[in-house]
Amino acid sequence: QLISPGKNGIFILQSLNLSICTFIWYKLAHHYINGYKSLLAILFTLFTLLIESSYGNMTEDWSILFISIALLCTFRICKTVNEFVFDSIVIGVCFACVFFLRPNDAVSSIGGMGIGILCLHYKKWEGIQYLKFCGYVGLGILSITIPIVCYFSFNHAMNDFWYGLIKYNTLYTGGLLSMLVDCFSVEKYVYVPILIVTGLLIYINDKKLLWIFVPMYILSYLLLGSRCYLHYFTIWMPIVFLPFGTCMFRKTTPKSMVICAILIYFSMPIFTGKNIIKLPISQYKSKMRDLKSAPKDYSYDYYKGAETIFNIIPNKENNVWIYNPSFCTVNALWCNRLIPINRIPLSIMAEQDTTLLRDMDIK
């Protein structure tokens, strides 16, 4: 907001974020294919991101930068035996950054990388090297965790911090048992084929990398959750779809495997009811229709009506409390530069924890 009020500041930061990601993806792909093919692999990954992306500014949009950096460091550790101090610390920093954005994404992606590194070097490393690696990763985690914990402690908000980051999210997912049961739901297991075929592509091209990717894929599938919203798959870009695209453009990949992989890719639910050839054109037409119908749209009238009401509120008034807040009403407040003081940002959150209802009482 300091850069530019509204969406422009976020857009600039997200553009910078994704630019750095694509640079890292290029370096990762360039380990196995030439520059031209690396660009094609990146374009494939960005295409998938476009299909699966949501409105932007999601936690996953910011997590992929740290996941990509950690993956680059993991690749470097895979090539060495003893020189891992700096990369281990960076992996720890990246883990903590993603954990405080969305804990399950950190455990599934970067946690999976850490497990993979330990498995990969089980014959090369001695016990002391295992301890050193874990210690340096822990040092990186602490460098991010300590300032955050100190901040919330200083503001007497540790209980809220723990509730918001861990407890409520546990209630939202239903716990580990629920996540295990959800693995057998049709909404989730339809994504198993893309993980299997990507694993096979990696196996064909570099067997030792399976030590890294298999733990990530198992944890990513387990911790995905049952709702399977498309933006959840954003973190799969560097760990699934970039390796998928990279292997597709390698000469060592059999053509029959490439054809099979392409069929599996386009069978994913994200393409359900959509013709992949017409997809860019249909999306463009849909956007144009939205723009033309905007003045007649309910949301447009809603925001204009809200603006009339909010103009009554003095500019210097900071204590704005909203009853029964929803996504739409919170957005209407934000569009009018008003930040509600509600402890509970959305009333639907009480569906997971009914004790939150007491904080929503109009009295």
# chains A, B, ... in the order shown; residues from 1 in each chain; ligands from 1
call {"tool": "residues_around", "arguments": {"residues": "A:Phe310", "least_positions_apart": "6", "cutoff": "12 Å", "atoms": "only C-alpha atoms", "output": "list in words"}}
result
Tyr303, Lys304, Glu317, Val320, Ile322, Thr329, Ala332, Leu333, Trp334, Cys335, Asn336, Arg337, Leu338 and Ile339 of chain A
call {"tool": "write_last_selection", "arguments": {"atoms": "N, CA and C atoms", "output": "short mmCIF file (atom, residue, chain, number, x, y, z; two decimals), in the first residue's frame"}}
result
data_model
loop_
_atom_site.label_atom_id
_atom_site.label_comp_id
_atom_site.auth_asym_id
_atom_site.auth_seq_id
_atom_site.Cartn_x
_atom_site.Cartn_y
_atom_site.Cartn_z
N TYR A 303 -21.01 -2.32 -4.14
CA TYR A 303 -19.89 -1.47 -3.73
C TYR A 303 -20.25 0.01 -3.80
N LYS A 304 -21.02 0.40 -4.82
CA LYS A 304 -21.43 1.80 -4.94
C LYS A 304 -22.37 2.18 -3.79
N GLU A 317 -12.15 8.40 11.81
CA GLU A 317 -12.72 7.34 12.63
C GLU A 317 -12.05 6.01 12.32
N VAL A 320 -14.13 0.95 13.30
CA VAL A 320 -15.23 0.48 12.47
C VAL A 320 -15.41 -1.01 12.72
N ILE A 322 -17.83 -4.40 11.96
CA ILE A 322 -18.81 -4.86 10.97
C ILE A 322 -19.50 -6.12 11.48
N THR A 329 -18.44 -8.08 2.07
CA THR A 329 -18.51 -6.89 2.92
C THR A 329 -17.12 -6.41 3.33
N ALA A 332 -15.75 -4.55 0.47
CA ALA A 332 -16.39 -3.23 0.35
C ALA A 332 -15.75 -2.23 1.32
N LEU A 333 -15.42 -2.69 2.51
CA LEU A 333 -14.73 -1.82 3.47
C LEU A 333 -13.35 -1.43 2.95
N TRP A 334 -12.63 -2.43 2.45
CA TRP A 334 -11.26 -2.16 1.99
C TRP A 334 -11.27 -1.19 0.80
N CYS A 335 -12.25 -1.37 -0.11
CA CYS A 335 -12.35 -0.46 -1.27
C CYS A 335 -12.58 0.98 -0.83
N ASN A 336 -13.16 1.15 0.36
CA ASN A 336 -13.41 2.50 0.88
C ASN A 336 -12.39 2.91 1.93
N ARG A 337 -11.23 2.23 1.93
CA ARG A 337 -10.11 2.56 2.82
C ARG A 337 -10.49 2.45 4.30
N LEU A 338 -11.34 1.51 4.63
CA LEU A 338 -11.73 1.28 6.02
C LEU A 338 -11.30 -0.13 6.42
N ILE A 339 -10.61 -0.24 7.56
CA ILE A 339 -10.16 -1.54 8.05
C ILE A 339 -10.96 -1.88 9.31
#
call {"tool": "residues_around", "arguments": {"residues": "A:Ile196", "least_positions_apart": "3", "cutoff": "12 Å", "atoms": "only C-alpha atoms", "output": "ChimeraX atom specification"}}
result
/A:189-193,199-203,210,213-214,217-218,221,240,244,260-261,264-265
call {"tool": "closest_residue", "arguments": {"among": "A:Ser88, A:Ser109, A:Thr253, A:Gln352", "to": "A:Gly174", "atoms": "only C-alpha atoms"}}
result
A:Gln352
call {"tool": "residues_around", "arguments": {"residues": "A:Cys119", "least_positions_apart": "6", "cutoff": "12 Å", "atoms": "only C-alpha atoms", "output": "number ranges by chain"}}
result
A: 78, 112-113, 125, 130, 208-215
call {"tool": "closest_residue", "arguments": {"among": "A:Ile313, A:Leu131, A:Met58, A:Leu72", "to": "A:Ala29", "atoms": "only C-alpha atoms"}}
result
A:Leu72
call {"tool": "select_by_dssp", "arguments": {"residues": "stretch 123-352 of chain A", "states": "alpha helix (DSSP H)", "output": "VMD selection string"}}
result
chain A and resid 127 to 154 158 to 162 168 to 173 175 to 182 186 to 189 192 to 205 210 to 222 236 242 to 248 255 to 266 279 to 293 298 to 310 327 to 335
call {"tool": "closest_residue", "arguments": {"among": "A:Lys123, A:Lys188, A:Lys363, A:Lys7", "to": "A:Met268", "atoms": "only C-alpha atoms"}}
result
A:Lys188
call {"tool": "residues_around", "arguments": {"residues": "stretch 150-166 of chain A", "least_positions_apart": "2", "cutoff": "12 Å", "atoms": "only C-alpha atoms", "output": "number ranges by chain"}}
result
A: 98-104, 142-148, 168-173, 175, 343-345, 349, 353, 356
call {"tool": "closest_residue", "arguments": {"among": "A:Ile10, A:Leu263, A:Ile64, A:Cys134", "to": "A:Ile89", "atoms": "only C-alpha atoms"}}
result
A:Cys134
call {"tool": "atom_distance", "arguments": {"atom1": "atom CA of A:Ser108", "atom2": "atom CA of A:Leu120"}}
result
17.5 Å
call {"tool": "residues_around", "arguments": {"residues": "A:His30", "least_positions_apart": "6", "cutoff": "10 Å", "atoms": "only C-alpha atoms", "output": "list in words"}}
result
Ile24, Tyr36, Lys37, Ser38, Leu39, Ala41 and Thr246 of chain A
call {"tool": "residues_around", "arguments": {"residues": "A:Gln129", "least_positions_apart": "5", "cutoff": "12 Å", "atoms": "only C-alpha atoms", "output": "ChimeraX atom specification"}}
result
/A:81-85,88,117-118,121-124,134-136
call {"tool": "residues_around", "arguments": {"residues": "stretch 42-51 of chain A", "least_positions_apart": "5", "cutoff": "9 Å", "atoms": "only C-alpha atoms", "output": "compact mmCIF listing (two decimals) with all heavy atoms, in the first residue's frame"}}
result
# COMPACT_ATOMS: atom_id res chain seq x y z
N THR A 22 10.84 -17.41 -11.78
CA THR A 22 11.14 -17.92 -13.12
C THR A 22 12.65 -17.96 -13.37
O THR A 22 13.14 -18.87 -14.05
CB THR A 22 10.47 -17.05 -14.21
OG1 THR A 22 10.80 -15.68 -14.02
CG2 THR A 22 8.97 -17.22 -14.16
N TRP A 25 13.72 -21.06 -11.61
CA TRP A 25 13.25 -22.22 -12.38
C TRP A 25 14.15 -22.46 -13.59
O TRP A 25 14.42 -23.61 -13.95
CB TRP A 25 11.81 -22.01 -12.82
CG TRP A 25 10.83 -21.94 -11.68
CD1 TRP A 25 11.07 -22.25 -10.37
CD2 TRP A 25 9.47 -21.52 -11.74
NE1 TRP A 25 9.95 -22.05 -9.60
CE2 TRP A 25 8.94 -21.61 -10.41
CE3 TRP A 25 8.63 -21.09 -12.76
CZ2 TRP A 25 7.63 -21.27 -10.11
CZ3 TRP A 25 7.31 -20.75 -12.46
CH2 TRP A 25 6.82 -20.84 -11.15
N TYR A 26 14.59 -21.37 -14.20
CA TYR A 26 15.48 -21.50 -15.36
C TYR A 26 16.79 -22.19 -14.95
O TYR A 26 17.28 -23.08 -15.64
CB TYR A 26 15.78 -20.12 -15.95
CG TYR A 26 16.73 -20.16 -17.13
CD1 TYR A 26 16.25 -20.43 -18.42
CD2 TYR A 26 18.09 -19.95 -16.95
CE1 TYR A 26 17.12 -20.48 -19.50
CE2 TYR A 26 18.97 -20.00 -18.03
CZ TYR A 26 18.48 -20.27 -19.30
OH TYR A 26 19.34 -20.33 -20.35
N ALA A 29 16.04 -25.92 -14.35
CA ALA A 29 15.83 -26.66 -15.60
C ALA A 29 17.12 -26.78 -16.39
O ALA A 29 17.37 -27.80 -17.05
CB ALA A 29 14.75 -25.96 -16.43
N LYS A 37 15.31 -24.95 -24.41
CA LYS A 37 14.35 -25.89 -23.85
C LYS A 37 13.97 -25.52 -22.40
O LYS A 37 12.84 -25.78 -21.97
CB LYS A 37 14.92 -27.31 -23.90
CG LYS A 37 15.01 -27.88 -25.31
CD LYS A 37 15.52 -29.30 -25.31
CE LYS A 37 15.56 -29.88 -26.73
NZ LYS A 37 16.06 -31.27 -26.75
N LEU A 230 -8.15 -24.82 -6.40
CA LEU A 230 -7.10 -24.77 -7.42
C LEU A 230 -5.85 -24.05 -6.92
O LEU A 230 -4.73 -24.44 -7.25
CB LEU A 230 -7.63 -24.09 -8.69
CG LEU A 230 -8.54 -24.95 -9.57
CD1 LEU A 230 -8.92 -24.19 -10.83
CD2 LEU A 230 -7.87 -26.27 -9.94
N HIS A 231 -6.02 -22.98 -6.13
CA HIS A 231 -4.83 -22.24 -5.70
C HIS A 231 -3.96 -23.04 -4.74
O HIS A 231 -2.80 -22.70 -4.52
CB HIS A 231 -5.21 -20.88 -5.08
CG HIS A 231 -6.02 -20.98 -3.82
ND1 HIS A 231 -7.39 -21.06 -3.83
CD2 HIS A 231 -5.65 -21.00 -2.52
CE1 HIS A 231 -7.84 -21.12 -2.59
NE2 HIS A 231 -6.80 -21.09 -1.77
N PHE A 233 -2.76 -25.80 -5.45
CA PHE A 233 -1.78 -26.46 -6.30
C PHE A 233 -0.69 -25.51 -6.80
O PHE A 233 0.20 -25.95 -7.54
CB PHE A 233 -2.48 -27.13 -7.48
CG PHE A 233 -3.43 -28.22 -7.08
CD1 PHE A 233 -4.77 -27.95 -6.89
CD2 PHE A 233 -2.98 -29.51 -6.85
CE1 PHE A 233 -5.66 -28.95 -6.51
CE2 PHE A 233 -3.86 -30.52 -6.46
CZ PHE A 233 -5.20 -30.23 -6.28
N THR A 234 -0.76 -24.25 -6.40
CA THR A 234 0.27 -23.29 -6.81
C THR A 234 1.65 -23.75 -6.36
O THR A 234 2.64 -23.62 -7.10
CB THR A 234 -0.03 -21.89 -6.24
OG1 THR A 234 -1.32 -21.47 -6.68
CG2 THR A 234 1.01 -20.88 -6.70
N MET A 237 3.97 -25.95 -8.56
CA MET A 237 4.65 -25.46 -9.76
C MET A 237 6.14 -25.82 -9.77
O MET A 237 6.63 -26.43 -10.73
CB MET A 237 4.46 -23.94 -9.92
CG MET A 237 3.03 -23.49 -10.12
SD MET A 237 2.24 -24.31 -11.51
CE MET A 237 0.69 -24.81 -10.77
N PRO A 238 6.92 -25.46 -8.73
CA PRO A 238 8.35 -25.79 -8.77
C PRO A 238 8.67 -27.25 -8.48
O PRO A 238 9.69 -27.76 -8.93
CB PRO A 238 8.95 -24.88 -7.68
CG PRO A 238 7.83 -24.60 -6.74
CD PRO A 238 6.58 -24.63 -7.56
N PHE A 241 5.30 -29.51 -11.61
CA PHE A 241 5.13 -29.16 -13.02
C PHE A 241 6.42 -28.69 -13.69
O PHE A 241 6.60 -28.90 -14.89
CB PHE A 241 4.02 -28.12 -13.16
CG PHE A 241 2.68 -28.64 -12.75
CD1 PHE A 241 2.08 -28.21 -11.58
CD2 PHE A 241 2.04 -29.61 -13.51
CE1 PHE A 241 0.85 -28.71 -11.18
CE2 PHE A 241 0.81 -30.13 -13.12
CZ PHE A 241 0.21 -29.68 -11.95
N LEU A 242 7.34 -28.07 -12.95
CA LEU A 242 8.64 -27.73 -13.53
C LEU A 242 9.44 -28.99 -13.85
O LEU A 242 9.96 -29.12 -14.98
CB LEU A 242 9.43 -26.80 -12.60
CG LEU A 242 10.82 -26.40 -13.11
CD1 LEU A 242 10.71 -25.55 -14.38
CD2 LEU A 242 11.60 -25.65 -12.03
N PHE A 244 8.22 -31.91 -14.41
CA PHE A 244 7.43 -32.55 -15.47
C PHE A 244 7.81 -31.95 -16.83
O PHE A 244 8.14 -32.67 -17.78
CB PHE A 244 5.94 -32.33 -15.20
CG PHE A 244 5.02 -32.98 -16.20
CD1 PHE A 244 4.47 -34.22 -15.95
CD2 PHE A 244 4.69 -32.33 -17.38
CE1 PHE A 244 3.60 -34.81 -16.87
CE2 PHE A 244 3.84 -32.90 -18.30
CZ PHE A 244 3.29 -34.16 -18.05
N GLY A 245 7.79 -30.61 -16.92
CA GLY A 245 8.12 -29.93 -18.17
C GLY A 245 9.57 -30.13 -18.58
O GLY A 245 9.88 -30.32 -19.76
N THR A 246 10.48 -30.12 -17.60
CA THR A 246 11.90 -30.30 -17.89
C THR A 246 12.17 -31.68 -18.48
O THR A 246 12.88 -31.82 -19.48
CB THR A 246 12.73 -30.12 -16.60
OG1 THR A 246 12.50 -28.81 -16.07
CG2 THR A 246 14.23 -30.28 -16.88
N ILE A 270 -8.41 -29.85 -13.64
CA ILE A 270 -8.39 -28.43 -14.00
C ILE A 270 -8.86 -28.21 -15.43
O ILE A 270 -9.22 -27.09 -15.80
CB ILE A 270 -6.98 -27.81 -13.82
CG1 ILE A 270 -5.95 -28.54 -14.67
CG2 ILE A 270 -6.58 -27.77 -12.37
CD1 ILE A 270 -4.58 -27.88 -14.68
N PHE A 271 -8.87 -29.27 -16.23
CA PHE A 271 -9.32 -29.14 -17.62
C PHE A 271 -10.72 -29.71 -17.84
O PHE A 271 -11.17 -29.83 -18.97
CB PHE A 271 -8.33 -29.84 -18.56
CG PHE A 271 -6.95 -29.26 -18.53
CD1 PHE A 271 -5.89 -29.99 -18.03
CD2 PHE A 271 -6.71 -27.97 -18.98
CE1 PHE A 271 -4.61 -29.44 -17.99
CE2 PHE A 271 -5.44 -27.42 -18.93
CZ PHE A 271 -4.39 -28.16 -18.44
call {"tool": "closest_residue", "arguments": {"among": "A:Phe266, A:Ile239, A:Phe95, A:Asp359", "to": "A:Ser68", "atoms": "only C-alpha atoms"}}
result
A:Ile239
call {"tool": "atom_distance", "arguments": {"atom1": "atom CA of A:Ala96", "atom2": "atom CA of A:Thr355"}}
result
29.4 Å
